[in-house]
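J.: Below is the file query13.tsv, with TSV, C-alpha atoms.
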```tsv
chain	number	residue	atom	x	y	z
W	19	MET	CA	17.03	10.62	-1.57
W	20	LYS	CA	17.49	11.72	-5.18
W	21	PRO	CA	14.61	13.43	-6.93
W	22	SER	CA	12.74	10.72	-8.72
W	23	ALA	CA	9.70	10.22	-10.85
W	24	ALA	CA	7.59	10.80	-7.80
W	25	SER	CA	8.77	14.39	-7.55
W	26	VAL	CA	8.15	14.99	-11.25
W	27	VAL	CA	4.50	14.03	-10.94
W	28	PRO	CA	4.02	15.34	-7.39
W	29	ALA	CA	2.72	12.74	-5.00
W	30	LEU	CA	-0.94	13.75	-4.90
W	31	ALA	CA	-1.13	16.81	-7.12
W	32	ASP	CA	-2.84	14.68	-9.76
W	33	ARG	CA	-5.71	13.83	-7.44
W	34	ARG	CA	-9.02	15.60	-7.34
W	35	HIS	CA	-9.01	16.62	-3.70
W	36	PHE	CA	-5.70	16.37	-1.91
W	37	TRP	CA	-7.06	18.04	1.21
W	38	ALA	CA	-9.87	15.51	1.44
W	39	PHE	CA	-7.24	12.78	1.49
W	40	ALA	CA	-5.21	14.62	4.16
W	41	GLY	CA	-8.36	15.20	6.23
W	42	GLY	CA	-9.31	11.53	5.87
W	43	CYS	CA	-5.87	10.45	7.08
W	44	LEU	CA	-6.17	12.78	10.05
W	45	ALA	CA	-9.66	11.47	10.91
W	46	VAL	CA	-8.48	7.84	10.74
W	47	THR	CA	-5.46	8.62	12.94
W	48	LEU	CA	-7.68	10.45	15.43
W	49	GLY	CA	-10.15	7.55	15.38
W	50	VAL	CA	-7.38	5.09	16.26
W	51	ALA	CA	-6.08	7.48	18.94
W	52	LEU	CA	-9.53	7.43	20.57
W	53	HIS	CA	-9.07	3.69	21.14
W	54	LEU	CA	-5.77	4.11	22.96
W	55	PRO	CA	-7.26	5.17	26.34
W	56	MET	CA	-9.15	1.86	26.48
W	57	PHE	CA	-5.95	-0.03	25.73
W	58	TRP	CA	-4.02	1.95	28.33
W	59	MET	CA	-6.75	1.36	30.90
W	60	GLY	CA	-5.75	-2.30	30.88
W	61	ARG	CA	-2.17	-1.62	31.97
W	62	GLY	CA	-2.95	-2.69	35.54
W	63	ASN	CA	-3.95	-6.23	34.57
W	64	GLY	CA	-1.53	-7.07	31.77
W	65	PHE	CA	-3.55	-5.25	29.08
W	66	ARG	CA	-6.41	-7.75	29.30
W	67	LEU	CA	-9.51	-6.10	27.87
W	68	VAL	CA	-11.72	-9.16	27.57
W	69	ASP	CA	-15.40	-8.37	28.24
W	70	MET	CA	-14.72	-4.67	28.69
W	71	PRO	CA	-17.58	-2.53	27.33
W	72	VAL	CA	-17.17	-0.71	24.02
W	73	ASP	CA	-17.36	2.86	25.30
W	74	ALA	CA	-18.51	6.04	23.54
W	75	GLU	CA	-14.95	7.06	22.66
W	76	MET	CA	-14.43	3.80	20.81
W	77	ILE	CA	-17.74	4.14	18.95
W	78	TRP	CA	-16.85	7.69	17.87
W	79	GLY	CA	-13.39	6.46	16.96
W	80	MET	CA	-14.89	3.81	14.67
W	81	VAL	CA	-17.20	6.40	13.10
W	82	LEU	CA	-14.19	8.66	12.45
W	83	ILE	CA	-12.23	5.78	10.94
W	84	VAL	CA	-15.00	4.71	8.56
W	85	ALA	CA	-15.75	8.32	7.56
W	86	GLY	CA	-12.03	9.08	7.24
W	87	ILE	CA	-11.45	6.13	4.92
W	88	ALA	CA	-14.40	7.18	2.75
W	89	VAL	CA	-13.20	10.79	2.56
W	90	ALA	CA	-9.60	9.73	1.87
W	91	GLY	CA	-10.84	7.42	-0.91
W	92	TYR	CA	-12.84	10.26	-2.44
W	93	GLY	CA	-9.84	12.59	-2.23
W	94	LEU	CA	-7.62	10.08	-3.99
W	95	LEU	CA	-9.82	9.75	-7.07
W	96	PRO	CA	-7.72	10.74	-10.08
W	97	ARG	CA	-8.55	13.78	-12.15
W	98	ARG	CA	-10.27	13.11	-15.42
W	99	PRO	CA	-7.95	13.30	-18.41
W	100	GLY	CA	-8.10	16.50	-20.43
W	101	ALA	CA	-9.81	16.67	-23.81
W	102	GLY	CA	-7.77	15.12	-26.57
W	103	ALA	CA	-5.39	13.55	-24.12
W	104	ALA	CA	-6.42	9.99	-24.90
W	105	GLU	CA	-3.89	8.25	-27.12
W	106	PRO	CA	-5.09	4.70	-27.73
W	107	ARG	CA	-2.24	3.86	-30.07
W	108	VAL	CA	0.41	4.34	-27.41
W	109	THR	CA	1.98	1.42	-25.60
W	110	VAL	CA	4.53	1.42	-22.83
W	111	SER	CA	6.89	-1.49	-22.43
W	112	ALA	CA	10.30	-2.24	-21.03
W	113	PRO	CA	13.19	-3.12	-23.36
W	114	GLU	CA	14.85	-6.50	-23.12
W	115	ASP	CA	18.42	-5.31	-22.80
W	116	ALA	CA	18.25	-2.39	-20.39
W	117	PRO	CA	21.08	-2.40	-17.86
W	118	LEU	CA	20.26	-2.00	-14.18
W	119	GLY	CA	22.00	0.40	-11.84
W	120	ARG	CA	22.83	3.24	-14.19
W	121	ARG	CA	20.91	5.80	-16.12
W	122	THR	CA	20.94	5.84	-19.85
W	123	GLY	CA	20.59	8.86	-21.98
W	124	ALA	CA	20.27	12.42	-20.74
P	1	MET	CA	12.41	-0.22	-5.09
P	2	ILE	CA	13.42	0.25	-1.44
P	3	VAL	CA	10.09	1.88	-0.60
P	4	LEU	CA	8.19	-0.91	-2.33
P	5	THR	CA	10.24	-3.43	-0.31
P	6	VAL	CA	9.23	-1.53	2.86
P	7	ALA	CA	5.60	-1.78	1.73
P	8	LEU	CA	5.99	-5.55	1.41
P	9	VAL	CA	7.73	-5.78	4.80
P	10	ILE	CA	4.75	-4.02	6.41
P	11	ASP	CA	2.38	-6.29	4.50
P	12	VAL	CA	4.17	-9.49	5.57
P	13	MET	CA	4.52	-8.29	9.17
P	14	LYS	CA	0.84	-8.88	9.82
P	15	PRO	CA	0.58	-12.60	9.04
P	16	ALA	CA	3.93	-13.01	10.79
P	17	SER	CA	2.52	-11.26	13.88
P	18	LEU	CA	-0.35	-13.75	14.06
P	19	GLY	CA	1.98	-16.39	15.46
P	20	PHE	CA	2.91	-14.11	18.34
P	21	VAL	CA	-0.62	-12.89	18.96
P	22	VAL	CA	-2.47	-16.20	19.06
P	23	PRO	CA	-0.99	-17.61	22.31
P	24	GLY	CA	-1.87	-14.38	24.18
P	25	MET	CA	-5.37	-14.42	22.74
P	26	ARG	CA	-5.94	-18.03	23.73
P	27	THR	CA	-4.97	-17.23	27.31
P	28	GLU	CA	-7.05	-14.06	27.53
P	29	TYR	CA	-10.19	-15.37	25.85
P	30	GLU	CA	-9.75	-18.90	27.26
P	31	VAL	CA	-10.49	-20.60	23.95
P	32	SER	CA	-9.16	-23.72	22.25
P	33	ALA	CA	-6.67	-23.77	19.39
P	34	ALA	CA	-9.49	-24.73	17.01
P	35	VAL	CA	-11.53	-21.65	17.95
P	36	VAL	CA	-8.64	-19.21	17.84
P	37	ALA	CA	-7.73	-20.57	14.39
P	38	TRP	CA	-10.62	-18.46	13.07
P	39	LEU	CA	-8.32	-15.46	13.46
P	40	PRO	CA	-5.63	-16.42	10.91
P	41	PHE	CA	-8.35	-17.98	8.73
P	42	SER	CA	-10.28	-14.72	8.56
P	43	ALA	CA	-7.08	-12.72	8.04
P	44	LEU	CA	-6.06	-14.87	5.08
P	45	CYS	CA	-9.60	-14.83	3.64
P	46	GLY	CA	-9.45	-11.02	3.90
P	47	THR	CA	-6.14	-11.01	2.06
P	48	VAL	CA	-7.59	-13.10	-0.78
P	49	VAL	CA	-10.68	-10.88	-1.08
P	50	GLY	CA	-8.48	-7.77	-0.78
P	51	SER	CA	-6.13	-8.94	-3.52
P	52	VAL	CA	-9.01	-9.26	-5.98
P	53	LEU	CA	-10.69	-6.04	-4.90
P	54	TRP	CA	-7.52	-3.96	-4.95
P	55	GLY	CA	-6.56	-5.24	-8.37
P	56	TRP	CA	-9.74	-3.64	-9.64
P	57	LEU	CA	-9.30	-0.49	-7.53
P	58	ALA	CA	-5.70	-0.07	-8.75
P	59	ASP	CA	-7.04	0.34	-12.29
P	60	LEU	CA	-9.40	3.04	-11.06
P	61	TYR	CA	-7.14	4.89	-8.63
P	62	GLY	CA	-3.65	4.17	-9.93
P	63	ARG	CA	-0.97	1.99	-8.43
P	64	ARG	CA	0.49	4.54	-6.05
P	65	ALA	CA	-2.88	5.79	-4.80
P	66	SER	CA	-4.04	2.22	-4.15
P	67	ILE	CA	-1.02	1.55	-1.97
P	68	LEU	CA	-1.80	4.82	-0.15
P	69	LEU	CA	-5.46	4.00	0.40
P	70	SER	CA	-4.72	0.48	1.57
P	71	ALA	CA	-2.18	1.97	4.01
P	72	VAL	CA	-4.89	4.30	5.38
P	73	ILE	CA	-7.29	1.37	5.88
P	74	PHE	CA	-4.44	-0.58	7.43
P	75	VAL	CA	-4.00	2.26	9.97
P	76	GLY	CA	-7.73	2.17	10.72
P	77	THR	CA	-7.74	-1.56	11.44
P	78	SER	CA	-5.10	-1.17	14.16
P	79	ILE	CA	-8.03	-0.75	16.57
P	80	CYS	CA	-8.15	-4.55	16.50
P	81	GLY	CA	-5.83	-4.17	19.48
P	82	SER	CA	-8.52	-2.70	21.72
P	83	MET	CA	-11.39	-5.02	20.82
P	84	PRO	CA	-12.92	-6.75	23.81
P	85	SER	CA	-13.94	-10.10	22.27
P	86	LEU	CA	-12.66	-12.71	19.84
P	87	ALA	CA	-15.53	-12.01	17.42
P	88	TRP	CA	-14.46	-8.36	17.10
P	89	ASN	CA	-10.85	-9.45	16.58
P	90	VAL	CA	-11.82	-11.94	13.88
P	91	GLY	CA	-13.87	-9.28	12.04
P	92	MET	CA	-11.10	-6.71	12.31
P	93	CYS	CA	-8.54	-9.25	11.15
P	94	PHE	CA	-10.58	-9.85	8.00
P	95	LEU	CA	-10.58	-6.11	7.26
P	96	MET	CA	-6.88	-5.87	8.09
P	97	GLY	CA	-6.13	-8.73	5.71
P	98	ALA	CA	-8.23	-7.04	3.03
P	99	ALA	CA	-6.25	-3.82	3.50
P	100	ALA	CA	-2.86	-5.53	3.52
P	101	GLY	CA	-3.94	-7.67	0.56
P	102	GLY	CA	-4.00	-4.48	-1.47
P	103	MET	CA	-0.34	-3.80	-1.07
P	104	LEU	CA	0.93	-7.12	-2.32
P	105	PRO	CA	-0.52	-7.37	-5.85
P	106	VAL	CA	-0.37	-3.64	-6.50
P	107	THR	CA	3.29	-3.43	-5.46
P	108	TYR	CA	4.11	-6.27	-7.82
P	109	ALA	CA	2.05	-4.68	-10.60
P	110	LEU	CA	3.93	-1.40	-10.16
P	111	LEU	CA	7.28	-3.17	-10.21
P	112	ALA	CA	6.39	-5.29	-13.22
P	113	GLU	CA	5.27	-2.24	-15.19
P	114	THR	CA	8.51	-0.41	-14.51
P	115	MET	CA	11.22	-3.05	-14.60
P	116	PRO	CA	12.73	-4.10	-17.93
P	117	SER	CA	11.56	-7.56	-18.88
P	118	LYS	CA	15.09	-9.00	-18.82
P	119	GLN	CA	15.54	-8.00	-15.16
P	120	ARG	CA	11.95	-8.40	-14.04
P	121	GLY	CA	12.15	-12.01	-12.82
P	122	TRP	CA	14.99	-11.76	-10.38
P	123	ALA	CA	14.02	-8.24	-9.29
P	124	LEU	CA	10.52	-9.39	-8.31
P	125	VAL	CA	11.92	-12.43	-6.50
P	126	LEU	CA	14.48	-10.24	-4.71
P	127	VAL	CA	11.89	-7.69	-3.58
P	128	GLY	CA	9.46	-10.46	-2.61
P	129	GLY	CA	12.18	-12.33	-0.73
P	130	LEU	CA	13.41	-9.25	1.10
P	131	GLY	CA	9.84	-8.31	1.94
P	132	ALA	CA	9.12	-11.76	3.39
P	133	VAL	CA	12.37	-12.02	5.34
P	134	GLY	CA	12.12	-8.40	6.50
P	135	GLY	CA	8.50	-8.84	7.53
P	136	TYR	CA	9.17	-11.92	9.65
P	137	LEU	CA	12.32	-10.33	11.11
P	138	ALA	CA	10.51	-7.10	12.01
P	139	ALA	CA	7.51	-8.96	13.48
P	140	SER	CA	9.77	-11.24	15.55
P	141	ALA	CA	11.95	-8.39	16.80
P	142	LEU	CA	9.00	-6.19	17.73
P	143	ALA	CA	7.21	-9.09	19.42
P	144	ALA	CA	10.33	-9.93	21.46
P	145	TRP	CA	10.70	-6.29	22.45
P	146	LEU	CA	7.10	-5.18	23.06
P	147	LEU	CA	5.14	-8.31	23.97
P	148	PRO	CA	6.56	-8.77	27.49
P	149	HIS	CA	5.69	-5.18	28.40
P	150	PHE	CA	2.42	-4.43	26.59
P	151	GLY	CA	0.88	-7.79	25.78
P	152	TRP	CA	-0.27	-9.14	22.42
P	153	ARG	CA	-2.58	-6.22	21.67
P	154	ILE	CA	0.30	-3.82	21.02
P	155	LEU	CA	1.24	-5.80	17.89
P	156	TRP	CA	-2.05	-4.68	16.30
P	157	PHE	CA	-1.56	-1.07	17.33
P	158	LEU	CA	1.75	-1.16	15.46
P	159	ASN	CA	-0.33	-0.72	12.29
P	160	LEU	CA	-0.74	2.92	13.26
P	161	PRO	CA	2.94	3.96	12.97
P	162	THR	CA	3.80	1.50	10.19
P	163	GLY	CA	0.79	2.52	8.07
P	164	LEU	CA	1.55	6.22	8.54
P	165	ILE	CA	5.21	5.62	7.61
P	166	LEU	CA	3.99	4.05	4.39
P	167	VAL	CA	1.69	7.02	3.67
P	168	PHE	CA	4.62	9.42	4.02
P	169	LEU	CA	7.05	7.20	2.10
P	170	SER	CA	4.65	6.95	-0.81
P	171	VAL	CA	5.96	10.32	-1.98
P	172	TYR	CA	8.92	8.32	-3.26
P	173	ILE	CA	6.81	5.76	-5.12
P	174	PRO	CA	6.50	6.68	-8.79
P	175	GLU	CA	3.18	6.25	-10.54
P	176	SER	CA	3.23	3.62	-13.21
P	177	PRO	CA	3.72	5.26	-16.66
P	178	LYS	CA	1.44	2.56	-18.07
P	179	PHE	CA	-1.39	3.65	-15.78
P	180	LEU	CA	-0.87	7.31	-16.66
P	181	MET	CA	-0.95	6.46	-20.35
P	182	ALA	CA	-4.09	4.39	-19.89
P	183	LEU	CA	-5.77	7.47	-18.42
P	184	GLY	CA	-4.62	9.51	-21.38
P	185	ARG	CA	-2.23	11.55	-19.25
P	186	VAL	CA	0.51	11.35	-21.84
P	187	ARG	CA	2.37	14.44	-20.64
P	188	GLU	CA	2.63	13.12	-17.09
P	189	ALA	CA	3.68	9.66	-18.25
P	190	HIS	CA	6.28	11.39	-20.38
P	191	ALA	CA	7.44	13.33	-17.31
P	192	VAL	CA	7.81	10.13	-15.27
P	193	LEU	CA	9.79	8.45	-18.02
P	194	ARG	CA	11.93	11.54	-18.54
P	195	SER	CA	12.73	11.65	-14.83
P	196	PHE	CA	14.15	8.16	-15.22
P	197	GLY	CA	16.70	9.61	-17.60
P	198	CYS	CA	14.90	9.48	-20.93
P	199	THR	CA	16.23	10.52	-24.26
P	200	VAL	CA	13.67	11.28	-26.90
P	201	ARG	CA	14.35	10.16	-30.43
P	202	GLU	CA	11.86	10.97	-33.09
P	203	GLY	CA	11.90	8.87	-36.22
P	204	ALA	CA	9.77	8.85	-39.33
P	205	ASP	CA	7.63	6.03	-38.02
P	206	ALA	CA	7.76	6.20	-34.30
P	207	VAL	CA	8.85	8.12	-31.28
P	208	VAL	CA	11.00	5.94	-29.09
P	209	GLU	CA	12.08	6.85	-25.64
P	210	ARG	CA	14.60	4.84	-23.70
P	211	ALA	CA	14.67	5.34	-20.01
P	212	GLY	CA	17.01	4.15	-17.28
P	213	SER	CA	14.55	4.20	-14.42
P	214	ALA	CA	14.81	5.29	-10.83
P	215	PHE	CA	14.92	1.60	-10.01
P	216	GLY	CA	18.04	1.42	-12.13
P	217	ALA	CA	15.80	-0.13	-14.70
P	218	ALA	CA	14.72	1.01	-18.09
P	219	ALA	CA	11.59	1.40	-20.11
P	220	THR	CA	10.88	1.99	-23.74
P	221	TRP	CA	7.97	4.06	-24.83
P	222	VAL	CA	6.90	3.38	-28.36
P	223	ARG	CA	4.41	5.76	-29.85
P	224	ALA	CA	3.14	4.59	-33.16
P	225	PRO	CA	1.73	7.19	-35.53
P	226	GLY	CA	-0.41	4.91	-37.61
P	227	PRO	CA	-2.29	1.63	-37.52
P	228	SER	CA	0.49	-0.46	-39.00
P	229	ALA	CA	3.56	1.46	-37.91
P	230	SER	CA	4.63	-0.77	-35.06
P	231	PRO	CA	4.00	-4.37	-34.07
P	232	ARG	CA	4.14	-3.17	-30.44
P	233	SER	CA	0.93	-1.23	-30.82
P	234	PRO	CA	-1.80	-3.80	-30.31
P	235	GLY	CA	-4.47	-1.12	-30.00
P	236	ALA	CA	-3.69	0.24	-33.44
```
The structure given in the file should be rewritten as structure tokens.
T.:
Amino acid sequence: MKPSAASVVPALADRRHFWAFAGGCLAVTLGVALHLPMFWMGRGNGFRLVDMPVDAEMIWGMVLIVAGIAVAGYGLLPRRPGAGAAEPRVTVSAPEDAPLGRRTGA
Amino acid sequence: MIVLTVALVIDVMKPASLGFVVPGMRTEYEVSAAVVAWLPFSALCGTVVGSVLWGWLADLYGRRASILLSAVIFVGTSICGSMPSLAWNVGMCFLMGAAAGGMLPVTYALLAETMPSKQRGWALVLVGGLGAVGGYLAASALAAWLLPHFGWRILWFLNLPTGLILVFLSVYIPESPKFLMALGRVREAHAVLRSFGCTVREGADAVVERAGSAFGAAATWVRAPGPSASPRSPGA
């Protein structure tokens, strides 16, 4: 894929705590993974889990998911703008006649 | 535009999956159609609540980050597949709907802020249409493939790979220049616009940048120097 706007303002470099977001993602993934043994346990009876107990792994998985989402949300908070950066008189809008499918200008 | 379409496909996949999940649930939980209807009802209620909530969060976090965060929550709610009772499933479905509800309005907001107004109508309809068709197609294909082997629960666990795919693909989603400008991050907004192929022309009254965007679209950035310099500067 061509370099795009996303690579100019790197994906999460403008966030306060990128590693918190990455850690949160990992925790959520791990939390979901902790539920998979319960799902797999049901393979003998057509994956029917009705009335199965919620075991400790699932509880810890849910804790990891909730904590992971909170940490990821914290990590994604944008950095505060620098002093003097605010420019209230600036507007951004799209022109009426811009062609699609090709770049204009440099 | 392709990545945003993928985001919509993943979003639409969930309500589309409900149709394939409900018969299996009815059999397993031995409930009537009226009782199992709470599942799609809660999912759609979650989507409505999520749409409102994420609209507000998108102004705080940014368009791209909101899509990312909703994808992370979406991954988390895939545990709906291992819940042992209908009540758990209904609760999880509400949360899943709230997470997926974030992608829909924010994706459209991002598109609308980047597409030129002349092309905006058909582009939004095209992306929305492809997202809907793709979502139903993907949900149907995956249900036909996986359901006979792993039961209805696997369709919820699919949120894990699809949500993670979206997290990784978000690298290719540009942040809205409008949002960056609103935060006062003029330099970064400038960088986004420039990456779309901007030329900068400085005049006596205004700086105008024309940009053919990564979506093949274009944007104009008008920077007015004074209170009455440009009619396009409502804040002046």
J.: Report the distance between CA of Ile79 (chain P) and CA of Leu147 (chain P) in Å, rounded to one decimal place.
T.: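 CA of Ile79 (chain P) sits 16.9 Å away from CA of Leu147 (chain P).
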J.: Would you list the residues near (-4.0, -12.9, 15.0), meaning any protein, DNA or RNA residue with an atom at most 12 Å from that point in file coordinates, counting all atoms listed in the file, as a VMD selection string?
T.: chain P and resid 13 to 26 35 to 44 78 80 to 81 86 to 94 96 to 97 152 to 156
J.: Can you tell me how far CA of Val46 (chain W) sits from CA of Phe74 (chain P), in Å to one decimal?
T.: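 One can read the CA of Val46 (chain W) to CA of Phe74 (chain P) distance as 9.9 Å.
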J.: Find the spatial neighbours of Leu52 (chain W), counting all atoms listed in the file, within a cut-off of 7 Å - ignore same-chain residues fewer than 3 positions away - and output them as a list of chain:residue names.
T.: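 Neighbouring residues, sequence-local ones excluded: W:Leu48, W:Gly49, W:Pro55, W:Glu75, W:Met76, W:Gly79.
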J.: Using all atoms listed in the file, can you tell me which of P:Val6, P:Leu166, P:Met1, P:Leu60 comes closest to chain W?
T.: P:Leu60
J.: Which residues, protein or nucleic acid, reach to within 10 Å of (5.3, 4.9, 3.7) in the file's coordinates when using only C-alpha atoms, and can you give that as a list in words?
T.: Val3, Leu4, Val6, Ala7, Ile10, Ile67, Leu68, Ala71, Pro161, Thr162, Gly163, Leu164, Ile165, Leu166, Val167, Phe168, Leu169, Ser170, Val171, Tyr172 and Ile173 of chain P
J.: Need to verify the contact set: Gly41 (chain W), 10 Å, all atoms listed in the file, exclusion of same-chain residues closer than 6 positions in sequence. Can you return it as a ChimeraX atom specification?
T.: /W:47,86-87,89-90,93
J.: Considering all atoms listed in the file, can you say which of P:Val75, P:Ile2, P:Ala109, P:Ala144 comes closest to Glu175 (chain P)?
T.: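 Residue with the minimum atom-to-atom distance to Glu175 (chain P): P:Ala109.
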J.: Restricting the calculation to all atoms listed in the file: of P:Leu110, P:Met115, P:Val12, P:Val125, which residue gets closest to chain W?
T.: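 Closest to chain W, using all atoms listed in the file: P:Met115.
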